[in-house]
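Text of input22.tsv (TSV, C-alpha atoms) as supplied:
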```tsv
chain	number	residue	atom	x	y	z
A	1	MET	CA	33.03	8.32	-4.64
A	2	ALA	CA	31.48	10.39	-7.45
A	3	ILE	CA	29.77	13.63	-6.49
A	4	SER	CA	26.29	13.91	-7.97
A	5	THR	CA	25.47	17.09	-9.88
A	6	PRO	CA	22.23	18.75	-8.75
A	7	THR	CA	19.32	19.24	-11.11
A	8	CYS	CA	18.20	22.77	-11.92
A	9	SER	CA	15.75	24.03	-9.30
A	10	ARG	CA	13.82	25.97	-11.94
A	11	CYS	CA	13.25	23.73	-14.93
A	12	THR	CA	13.85	20.53	-12.88
A	13	LYS	CA	15.28	18.90	-16.03
A	14	ASN	CA	18.79	20.07	-16.84
A	15	ARG	CA	22.03	19.65	-14.94
A	16	ALA	CA	22.88	22.71	-12.85
A	17	VAL	CA	26.01	24.71	-13.68
A	18	MET	CA	25.94	26.81	-10.52
A	19	VAL	CA	24.41	27.02	-7.07
A	20	ARG	CA	23.40	30.41	-5.65
A	21	ALA	CA	25.23	30.92	-2.34
A	22	HIS	CA	22.60	33.31	-0.93
A	23	SER	CA	19.58	31.15	-1.81
A	24	GLY	CA	20.91	27.61	-2.30
A	25	GLU	CA	19.14	27.49	-5.67
A	26	ALA	CA	20.71	25.30	-8.36
A	27	VAL	CA	20.55	26.80	-11.87
A	28	CYS	CA	21.25	25.24	-15.27
A	29	LYS	CA	22.90	27.02	-18.21
A	30	ALA	CA	19.68	27.81	-20.08
A	31	CYS	CA	17.88	29.10	-16.99
A	32	PHE	CA	20.92	31.15	-15.96
A	33	LEU	CA	21.19	32.91	-19.32
A	34	LYS	CA	17.46	33.62	-19.30
A	35	GLU	CA	17.71	34.92	-15.71
A	36	ILE	CA	20.41	37.44	-16.62
A	37	GLU	CA	18.61	38.66	-19.73
A	38	ASP	CA	15.28	38.95	-17.89
A	39	LYS	CA	16.94	40.83	-15.03
A	40	VAL	CA	18.45	43.40	-17.42
A	41	ARG	CA	15.08	43.81	-19.13
A	42	ARG	CA	13.32	44.35	-15.79
A	43	THR	CA	15.95	46.84	-14.61
A	44	MET	CA	15.58	48.91	-17.76
A	45	SER	CA	11.81	48.81	-17.47
A	46	ARG	CA	11.72	49.68	-13.75
A	47	TYR	CA	13.92	52.73	-14.20
A	48	LYS	CA	12.33	53.70	-17.55
A	49	MET	CA	15.79	53.82	-19.09
A	50	VAL	CA	15.09	53.77	-22.83
A	51	ASP	CA	12.21	54.19	-25.26
A	52	SER	CA	11.86	54.15	-29.05
A	53	CYS	CA	12.40	57.93	-29.32
A	54	ASP	CA	15.86	57.78	-27.72
A	55	LYS	CA	19.17	57.77	-29.53
A	56	LEU	CA	21.25	55.33	-27.50
A	57	THR	CA	25.02	55.24	-27.18
A	58	PHE	CA	27.03	52.51	-25.46
A	59	ALA	CA	30.26	53.03	-23.55
A	60	LEU	CA	32.06	49.97	-24.96
A	61	SER	CA	35.59	49.36	-23.70
A	62	GLY	CA	35.72	45.68	-24.61
A	63	GLY	CA	35.88	44.64	-20.96
A	64	LYS	CA	33.49	42.03	-19.57
A	65	ASP	CA	30.87	44.50	-18.32
A	66	SER	CA	30.51	46.65	-21.43
A	67	THR	CA	30.63	43.56	-23.67
A	68	VAL	CA	27.72	41.97	-21.80
A	69	LEU	CA	25.92	45.34	-21.84
A	70	VAL	CA	25.94	45.54	-25.64
A	71	ARG	CA	25.27	41.84	-26.24
A	72	VAL	CA	22.33	41.58	-23.85
A	73	ILE	CA	20.61	44.84	-24.85
A	74	ALA	CA	21.04	44.00	-28.55
A	75	LYS	CA	19.29	40.70	-27.81
A	76	VAL	CA	16.51	41.58	-25.36
A	77	HIS	CA	15.69	44.94	-26.95
A	78	GLU	CA	16.23	44.06	-30.60
A	79	ASN	CA	12.83	45.44	-31.62
A	80	LEU	CA	13.34	48.66	-29.63
A	81	LEU	CA	16.71	49.30	-31.27
A	82	ARG	CA	15.17	48.59	-34.66
A	83	GLU	CA	12.51	51.23	-33.98
A	84	GLN	CA	15.21	53.73	-33.05
A	85	VAL	CA	16.98	53.05	-36.35
A	86	LYS	CA	13.73	53.62	-38.27
A	87	LYS	CA	13.45	57.03	-36.61
A	88	GLY	CA	16.97	57.94	-37.68
A	89	ASN	CA	18.47	57.33	-34.23
A	90	THR	CA	20.92	54.52	-34.96
A	91	PRO	CA	22.55	53.22	-31.74
A	92	VAL	CA	26.31	53.76	-31.57
A	93	ALA	CA	29.04	52.21	-29.41
A	94	ILE	CA	31.79	54.62	-28.35
A	95	THR	CA	35.17	53.03	-27.67
A	96	ILE	CA	38.04	55.01	-26.20
A	97	ASP	CA	41.64	53.95	-26.76
A	98	GLU	CA	43.54	55.66	-23.95
A	99	GLY	CA	46.83	54.15	-25.04
A	100	ILE	CA	47.88	51.64	-22.37
A	101	ALA	CA	50.69	49.38	-23.53
A	102	ASN	CA	50.20	45.59	-23.32
A	103	TYR	CA	46.60	46.03	-22.18
A	104	ARG	CA	44.24	48.00	-24.40
A	105	ASP	CA	44.86	46.20	-27.73
A	106	GLU	CA	43.02	43.05	-26.63
A	107	SER	CA	39.94	44.90	-25.42
A	108	LEU	CA	39.85	47.01	-28.61
A	109	ARG	CA	39.66	43.79	-30.62
A	110	ILE	CA	36.88	42.44	-28.42
A	111	ALA	CA	34.94	45.70	-28.73
A	112	ARG	CA	35.28	45.59	-32.51
A	113	ASP	CA	34.14	41.96	-32.62
A	114	THR	CA	31.19	42.72	-30.32
A	115	CYS	CA	29.96	45.47	-32.63
A	116	ALA	CA	30.36	43.22	-35.66
A	117	ALA	CA	28.40	40.42	-33.95
A	118	THR	CA	25.54	42.67	-32.80
A	119	GLY	CA	25.37	45.03	-35.78
A	120	ILE	CA	26.02	48.08	-33.60
A	121	ASP	CA	27.92	50.96	-35.21
A	122	GLN	CA	31.19	51.91	-33.51
A	123	ILE	CA	33.19	55.12	-33.10
A	124	LEU	CA	36.78	54.88	-31.86
A	125	PHE	CA	38.50	57.79	-30.10
A	126	SER	CA	42.28	57.57	-29.63
A	127	PHE	CA	44.08	59.72	-27.03
A	128	LYS	CA	47.29	59.39	-29.05
A	129	GLN	CA	45.72	60.43	-32.33
A	130	GLU	CA	43.48	63.23	-31.04
A	131	PHE	CA	45.35	64.63	-28.02
A	132	GLY	CA	48.80	63.86	-29.35
A	133	MET	CA	49.73	61.73	-26.33
A	134	ALA	CA	48.73	58.27	-25.12
A	135	LEU	CA	47.73	57.88	-21.46
A	136	ASP	CA	51.06	56.17	-20.74
A	137	ASP	CA	52.85	59.26	-22.04
A	138	MET	CA	50.60	61.61	-20.07
A	139	ILE	CA	51.37	59.74	-16.85
A	140	LYS	CA	55.12	59.90	-17.54
A	141	ALA	CA	54.84	63.62	-18.27
A	142	THR	CA	53.04	64.42	-15.00
A	143	SER	CA	55.63	62.51	-12.95
A	144	ASN	CA	58.45	64.48	-14.54
A	145	ASN	CA	60.09	67.08	-12.32
A	146	THR	CA	60.05	69.56	-15.19
A	147	PHE	CA	56.26	69.31	-15.38
A	148	ILE	CA	55.87	69.70	-11.63
A	149	GLU	CA	58.18	72.73	-11.57
A	150	ARG	CA	56.45	74.31	-14.57
A	151	ILE	CA	52.96	73.89	-13.15
A	152	GLY	CA	53.89	74.57	-9.54
A	153	SER	CA	50.94	76.01	-7.65
A	154	LYS	CA	49.29	77.18	-10.89
A	155	HIS	CA	47.02	74.22	-11.41
A	156	ALA	CA	43.31	73.69	-11.81
A	157	GLY	CA	42.95	72.56	-8.24
A	158	GLY	CA	42.47	76.10	-6.97
A	159	GLN	CA	41.36	75.88	-3.37
A	160	LEU	CA	40.69	72.13	-3.41
A	161	LYS	CA	42.49	70.39	-0.55
A	162	ASN	CA	45.43	68.22	-1.65
A	163	ALA	CA	44.44	68.79	-5.29
A	164	PHE	CA	47.98	68.55	-6.66
A	165	LYS	CA	48.37	65.07	-5.16
A	166	VAL	CA	45.19	63.95	-6.92
A	167	ILE	CA	45.56	65.44	-10.40
A	168	THR	CA	48.78	63.55	-11.22
A	169	LYS	CA	47.29	60.13	-10.42
A	170	PRO	CA	46.68	57.86	-13.46
A	171	CYS	CA	43.05	57.11	-12.55
A	172	SER	CA	42.29	60.82	-12.18
A	173	ILE	CA	43.69	61.72	-15.59
A	174	CYS	CA	42.06	58.73	-17.30
A	175	GLY	CA	38.72	59.05	-15.48
A	176	VAL	CA	38.28	62.76	-16.16
A	177	LEU	CA	39.15	62.49	-19.84
A	178	ARG	CA	37.20	59.28	-20.51
A	179	ARG	CA	34.02	60.69	-18.95
A	180	ARG	CA	34.24	63.98	-20.82
A	181	VAL	CA	35.17	62.46	-24.17
A	182	LEU	CA	32.37	59.89	-23.88
A	183	ASN	CA	29.85	62.58	-23.00
A	184	ASP	CA	30.99	65.04	-25.67
A	185	ILE	CA	30.96	62.47	-28.46
A	186	ALA	CA	27.48	61.32	-27.39
A	187	ALA	CA	26.29	64.94	-27.30
A	188	GLY	CA	27.83	65.55	-30.72
A	189	LEU	CA	25.87	62.58	-32.05
A	190	HIS	CA	22.68	64.07	-30.51
A	191	ALA	CA	22.36	61.03	-28.25
A	192	THR	CA	19.80	61.14	-25.44
A	193	LYS	CA	21.25	58.30	-23.32
A	194	ILE	CA	24.66	56.76	-22.60
A	195	ALA	CA	24.52	53.15	-21.40
A	196	THR	CA	27.42	52.10	-19.18
A	197	GLY	CA	28.37	48.64	-17.92
A	198	HIS	CA	28.39	49.36	-14.17
A	199	ASN	CA	27.38	46.17	-12.34
A	200	LEU	CA	26.01	45.63	-8.83
A	201	ASN	CA	29.48	45.33	-7.30
A	202	ASP	CA	30.58	48.59	-8.93
A	203	GLU	CA	27.53	50.41	-7.60
A	204	ALA	CA	27.92	49.04	-4.07
A	205	GLU	CA	31.65	49.89	-4.03
A	206	THR	CA	30.94	53.47	-5.13
A	207	PHE	CA	28.26	53.79	-2.47
A	208	LEU	CA	30.66	52.61	0.25
A	209	ILE	CA	33.44	54.93	-0.96
A	210	ASN	CA	31.14	57.97	-0.85
A	211	LEU	CA	29.81	56.82	2.52
A	212	PHE	CA	33.32	56.52	3.99
A	213	LYS	CA	34.22	59.94	2.57
A	214	GLY	CA	30.99	61.46	3.88
A	215	ASP	CA	30.31	62.80	0.38
A	216	ILE	CA	26.52	63.12	0.31
A	217	ASN	CA	26.50	65.11	-2.94
A	218	ARG	CA	28.42	62.47	-4.89
A	219	MET	CA	26.31	59.74	-3.33
A	220	GLY	CA	23.16	61.41	-4.59
A	221	ARG	CA	24.59	61.96	-8.07
A	222	ALA	CA	25.41	58.25	-8.34
A	223	ALA	CA	21.70	57.39	-8.26
A	224	SER	CA	19.84	55.67	-11.06
A	225	ILE	CA	18.41	57.63	-13.96
A	226	LEU	CA	15.02	57.26	-12.27
A	227	PHE	CA	16.08	60.04	-9.90
A	228	GLU	CA	18.82	61.65	-11.97
A	229	GLU	CA	18.29	65.01	-13.65
A	230	GLU	CA	21.55	65.86	-15.34
A	231	ALA	CA	21.93	69.36	-16.67
A	232	ALA	CA	23.17	70.22	-20.16
A	233	PRO	CA	25.66	69.61	-21.66
A	234	PHE	CA	25.77	66.20	-19.96
A	235	VAL	CA	23.94	63.33	-21.64
A	236	LYS	CA	21.93	61.16	-19.24
A	237	LYS	CA	23.59	57.92	-18.23
A	238	ILE	CA	21.82	54.62	-17.67
A	239	LYS	CA	23.15	51.50	-15.93
A	240	PRO	CA	21.26	48.42	-17.22
A	241	LEU	CA	23.60	45.97	-15.42
A	242	GLN	CA	23.28	47.59	-11.99
A	243	ASP	CA	21.39	44.58	-10.56
A	244	LEU	CA	23.86	41.96	-11.82
A	245	LEU	CA	26.60	40.52	-9.64
A	246	GLN	CA	30.08	40.84	-11.11
A	247	GLN	CA	30.48	37.05	-11.09
A	248	ASP	CA	27.24	36.69	-13.06
A	249	VAL	CA	28.57	39.03	-15.74
A	250	VAL	CA	31.62	36.79	-16.19
A	251	LEU	CA	29.53	33.61	-16.11
A	252	TYR	CA	27.14	35.01	-18.71
A	253	LEU	CA	29.99	35.55	-21.17
A	254	TYR	CA	31.41	32.12	-20.39
A	255	HIS	CA	28.12	30.26	-20.95
A	256	ALA	CA	27.02	32.46	-23.88
A	257	GLY	CA	30.33	31.84	-25.62
A	258	GLY	CA	31.57	35.43	-25.50
A	259	ASP	CA	35.16	36.62	-25.32
A	260	PHE	CA	36.41	38.99	-22.65
A	261	GLN	CA	39.67	40.42	-21.36
A	262	GLU	CA	40.90	38.89	-18.14
A	263	THR	CA	43.99	41.07	-17.67
A	264	PRO	CA	43.30	43.97	-15.26
A	265	CYS	CA	44.33	47.52	-16.07
A	266	PRO	CA	47.95	48.03	-14.94
A	267	TYR	CA	46.97	51.29	-13.26
A	268	ALA	CA	44.05	49.80	-11.30
A	269	GLY	CA	46.23	49.43	-8.21
A	270	ASP	CA	46.48	53.21	-7.93
A	271	ASN	CA	42.79	53.38	-6.97
A	272	VAL	CA	43.49	52.28	-3.41
A	273	MET	CA	40.17	53.16	-1.77
A	274	ARG	CA	38.12	51.31	-4.39
A	275	GLY	CA	40.29	48.26	-3.87
A	276	GLU	CA	39.68	48.45	-0.13
A	277	ALA	CA	35.91	48.85	-0.64
A	278	GLN	CA	36.00	45.86	-2.97
A	279	GLY	CA	37.78	43.82	-0.31
A	280	ILE	CA	35.18	44.77	2.29
A	281	LEU	CA	32.35	43.68	-0.01
A	282	TYR	CA	34.04	40.37	-0.86
A	283	GLY	CA	34.55	39.65	2.84
A	284	LEU	CA	30.97	40.47	3.78
A	285	GLU	CA	29.48	38.56	0.86
A	286	GLY	CA	31.70	35.55	1.53
A	287	GLY	CA	30.70	35.35	5.17
A	288	HIS	CA	27.12	36.52	4.74
A	289	PRO	CA	25.80	35.66	1.24
A	290	GLY	CA	23.20	38.14	0.03
A	291	THR	CA	24.73	41.16	1.81
A	292	ILE	CA	25.40	42.96	-1.47
A	293	PHE	CA	21.71	42.65	-2.44
A	294	ASN	CA	20.74	44.17	0.92
A	295	ILE	CA	23.14	47.06	0.29
A	296	LYS	CA	21.53	47.64	-3.12
A	297	LYS	CA	18.08	47.55	-1.54
A	298	PHE	CA	19.22	50.22	0.93
A	299	MET	CA	20.73	52.27	-1.90
A	300	ASP	CA	17.46	52.23	-3.83
A	301	THR	CA	15.66	53.40	-0.69
A	302	VAL	CA	17.93	56.32	0.17
A	303	TYR	CA	18.82	57.55	-3.31
A	304	PRO	CA	15.49	59.33	-3.87
A	305	LEU	CA	16.15	61.26	-0.66
A	306	LEU	CA	19.75	62.13	-1.57
A	307	SER	CA	19.38	62.81	-5.27
A	308	LYS	CA	18.84	66.49	-5.90
A	309	PRO	CA	20.02	69.04	-8.46
A	310	VAL	CA	23.41	70.58	-7.74
A	311	SER	CA	22.89	74.09	-6.43
A	312	SER	CA	24.16	76.99	-8.52
A	313	GLY	CA	26.41	77.99	-5.66
A	314	GLN	CA	28.46	74.81	-6.09
A	315	LEU	CA	29.13	75.19	-9.81
A	316	SER	CA	30.39	77.70	-12.31
A	317	THR	CA	31.09	77.46	-16.04
A	318	CYS	CA	34.44	76.71	-17.62
A	319	GLU	CA	35.29	79.71	-19.80
A	320	LYS	CA	37.14	77.51	-22.28
A	321	CYS	CA	34.62	74.76	-23.05
A	322	GLY	CA	31.39	75.92	-21.39
A	323	ALA	CA	31.04	72.79	-19.25
A	324	PRO	CA	30.05	72.99	-15.58
A	325	LYS	CA	32.93	72.99	-13.09
A	326	SER	CA	33.38	73.44	-9.37
A	327	LYS	CA	33.49	77.06	-8.33
A	328	ASP	CA	36.84	76.32	-6.68
A	329	LEU	CA	38.46	75.36	-10.01
A	330	ASP	CA	40.05	77.83	-12.40
A	331	GLU	CA	38.93	75.67	-15.34
A	332	CYS	CA	37.39	72.24	-15.81
A	333	MET	CA	39.77	69.33	-15.37
A	334	ALA	CA	39.43	68.12	-18.98
A	335	CYS	CA	40.60	71.48	-20.33
A	336	TYR	CA	43.35	71.61	-17.72
A	337	TYR	CA	44.77	68.17	-18.46
A	338	ILE	CA	44.84	68.54	-22.24
A	339	GLU	CA	46.42	71.99	-22.15
A	340	ALA	CA	48.88	71.36	-19.29
A	341	ILE	CA	49.99	67.90	-20.41
A	342	CYS	CA	49.41	67.79	-24.18
A	343	GLY	CA	49.64	71.48	-25.05
A	344	LYS	CA	46.32	71.38	-26.90
A	345	ASP	CA	42.89	72.96	-26.55
A	346	TYR	CA	40.33	70.35	-25.48
A	347	THR	CA	37.38	72.13	-27.13
A	348	SER	CA	39.12	72.36	-30.50
A	349	VAL	CA	40.13	68.68	-30.41
A	350	MET	CA	36.58	67.52	-29.70
A	351	ARG	CA	35.02	69.91	-32.21
A	352	ASP	CA	37.28	68.57	-34.96
A	353	PHE	CA	36.66	64.93	-34.00
A	354	ILE	CA	32.87	65.32	-33.94
A	355	ALA	CA	32.98	67.14	-37.26
A	356	ARG	CA	34.66	64.07	-38.77
A	357	HIS	CA	32.44	61.46	-37.09
A	358	GLY	CA	29.20	63.17	-36.11
A	359	SER	CA	25.92	62.98	-37.97
```

For this file, produce the structure as structure tokens.
Amino acid sequence: MAISTPTCSRCTKNRAVMVRAHSGEAVCKACFLKEIEDKVRRTMSRYKMVDSCDKLTFALSGGKDSTVLVRVIAKVHENLLREQVKKGNTPVAITIDEGIANYRDESLRIARDTCAATGIDQILFSFKQEFGMALDDMIKATSNNTFIERIGSKHAGGQLKNAFKVITKPCSICGVLRRRVLNDIAAGLHATKIATGHNLNDEAETFLINLFKGDINRMGRAASILFEEEAAPFVKKIKPLQDLLQQDVVLYLYHAGGDFQETPCPYAGDNVMRGEAQGILYGLEGGHPGTIFNIKKFMDTVYPLLSKPVSSGQLSTCEKCGAPKSKDLDECMACYYIEAICGKDYTSVMRDFIARHGS
């Protein structure tokens, strides 16, 4: 017996392409695409993320989240971006090629195609070209006994507990360098905002991780830009997709005809706690649809209470690059990684890159 396809609960005309588990609402393709675009627009408006005086940069990896980020903002805020261009603040997508074999090439192509389709300028930063080593090579170097013997106890971890176990992990090296490079390029371009593709699942996972670790400071710093007051030299970050479910991000690309990389990062398995938090969320959402929205509602309630400037007693300044660092560190982790692993000076590398690409 044929199974009848429900009609869209919203327009009551078109055939539904999905049914919301938490509400039972059937939604057609046209209404779904409009829902996602309207939700991003409302999120940006509610948190006052961007205005015509901003110079906006996008963190564009070519993955599903950052691809939707650029495509949707270019569509729903076309006039706003045009006003920014008129004021000399042309939006720019920053793409970082860490150098991960059999993985990054596909996403680099998608990022390039996304910029071509949306008319957004792109800047590409290559670890291999600028630092002299791809991420794959950095990871091999830090697992080498010679490296471990050479560094010994003289590492940036200082008094941080178990620091040496952390600094040689792939996600630590990649995360530290990606965040700093992204920020420093944006700052070199005189950008006022960096838009990242963090979705609702990402935000809820991060909240749970910080909760399980009892890290109130990190929990507060993960808040939306509405409460965030980042100190120089860090460019403010905005998260326009923070109210979108991860599955909706994928479905948007599918129904909008966009391309995205399905292969996960080969090093993703090293981030064990995030994987466990992800599993907890999937289990809760599967058994109790709508749980993730309730977590986000709670996050929005407590973040204003937790978000506060980092006290001067917690930070000091890296003598090499001038960036803030923990008082327990001898130098910031970006400077440490590039000098210890690549034998280069991080500040000099970034200064030269920005001189070639900055405006």

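Using only C-alpha atoms for every distance, the candidate list A:Phe298, A:Phe353, A:Tyr103, A:Phe260 yields A:Phe298 as the residue closest to A:Ala204.
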
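Distances from A:Thr192, A:Ser126, A:Thr5, A:Thr118 to A:Asp54 were compared using all atoms listed in the file, and the smallest one belongs to A:Thr192.
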
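Proximity to A:Asp51 was assessed for A:Val349, A:Leu81, A:Leu124, A:Gly258 counting only C-alpha atoms; the smallest distance is recorded for A:Leu81.
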
Considering all atoms listed in the file, return as a list in words whatever protein or nucleic-acid residues lie within 6 Å of A:Lys239, sequence-local ones (same chain, fewer than 2 positions apart) excluded. Ala195, Thr196, His198, Leu241 and Gln242 of chain A

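Reported to one decimal place, the separation of atom CA of A:Gly257 from atom CA of A:Cys28 is 15.3 Å.
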
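For the pair atom CA of A:Lys327 and atom CA of A:Asp184, the separation is 21.2 Å.
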
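Here atom CA of A:Tyr282 is placed at a distance of 9.3 Å from atom CA of A:Asn201.
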
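Near A:Ser61, within 9 Å and counting only C-alpha atoms, sit A:Ser66, A:Thr67, A:Ile94, A:Thr95, A:Ile96, A:Asp97, A:Arg104, A:Ser107, A:Leu108, A:Ile110, A:Ala111, not including residues fewer than 5 positions from it in the same chain.
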
Shortest interatomic distance to A:Lys48 - which of A:Leu60, A:Tyr252, A:Pro324, A:Lys193, counting all atoms listed in the file: A:Lys193

May I ask which of the residues A:Ser23, A:Ala187, A:Tyr303, A:Lys320 is the closest one to A:Glu339, counting all atoms listed in the file? A:Lys320

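Distances from A:Arg274, A:His77, A:Arg71, A:Arg180 to A:Lys213 were compared using only C-alpha atoms, and the smallest one belongs to A:Arg274.
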
Long-range neighbours of stretch 344-346 of chain A as an MDAnalysis selection string, 10 Å cut-off, all atoms listed in the file, 2 positions minimum in chain: chainID A and resid 130:132 177 180:181 320:321 334:342 348:351

In the coordinates of the file, take the point (20.2, 19.0, -13.3) and a cut-off of 10 Å; then, counting only C-alpha atoms, name each qualifying protein, DNA or RNA residue as a ChimeraX atom specification. /A:4-17,26-29

A:Ile120 surroundings by only C-alpha atoms, 7 Å radius, close-in-sequence under 3 positions cut, as JSON, numbers by chain: {"A": [91, 92, 93, 115, 116]}

If we draw a sphere of 10 Å around (34.5, 45.7, -14.4), which residues have at least one atom in it when counting only C-alpha atoms? Please report them as a list in words. Gly63, Lys64, Asp65, Ser66, Gly197, His198, Asn199, Asn201, Asp202, Gln246, Val249, Val250 and Pro264 of chain A

Output the selection as a PDB file, in the coordinates of the input - C-alpha atoms for each residue.
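out-v5.pdb was written with the following content:
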```pdb
ATOM      1  CA  GLY A  63      35.880  44.640 -20.960  1.00  0.00           C
ATOM      2  CA  LYS A  64      33.490  42.030 -19.570  1.00  0.00           C
ATOM      3  CA  ASP A  65      30.870  44.500 -18.320  1.00  0.00           C
ATOM      4  CA  SER A  66      30.510  46.650 -21.430  1.00  0.00           C
ATOM      5  CA  GLY A 197      28.370  48.640 -17.920  1.00  0.00           C
ATOM      6  CA  HIS A 198      28.390  49.360 -14.170  1.00  0.00           C
ATOM      7  CA  ASN A 199      27.380  46.170 -12.340  1.00  0.00           C
ATOM      8  CA  ASN A 201      29.480  45.330  -7.300  1.00  0.00           C
ATOM      9  CA  ASP A 202      30.580  48.590  -8.930  1.00  0.00           C
ATOM     10  CA  GLN A 246      30.080  40.840 -11.110  1.00  0.00           C
ATOM     11  CA  VAL A 249      28.570  39.030 -15.740  1.00  0.00           C
ATOM     12  CA  VAL A 250      31.620  36.790 -16.190  1.00  0.00           C
ATOM     13  CA  PRO A 264      43.300  43.970 -15.260  1.00  0.00           C
TER      14      PRO A 264
END
```

For A:Ala134, work out the shell of residues within 8 Å, counting only C-alpha atoms and skipping chain neighbours fewer than 5 positions away, then give it as a PyMOL selection string. chain A and resi 98-100+126-128
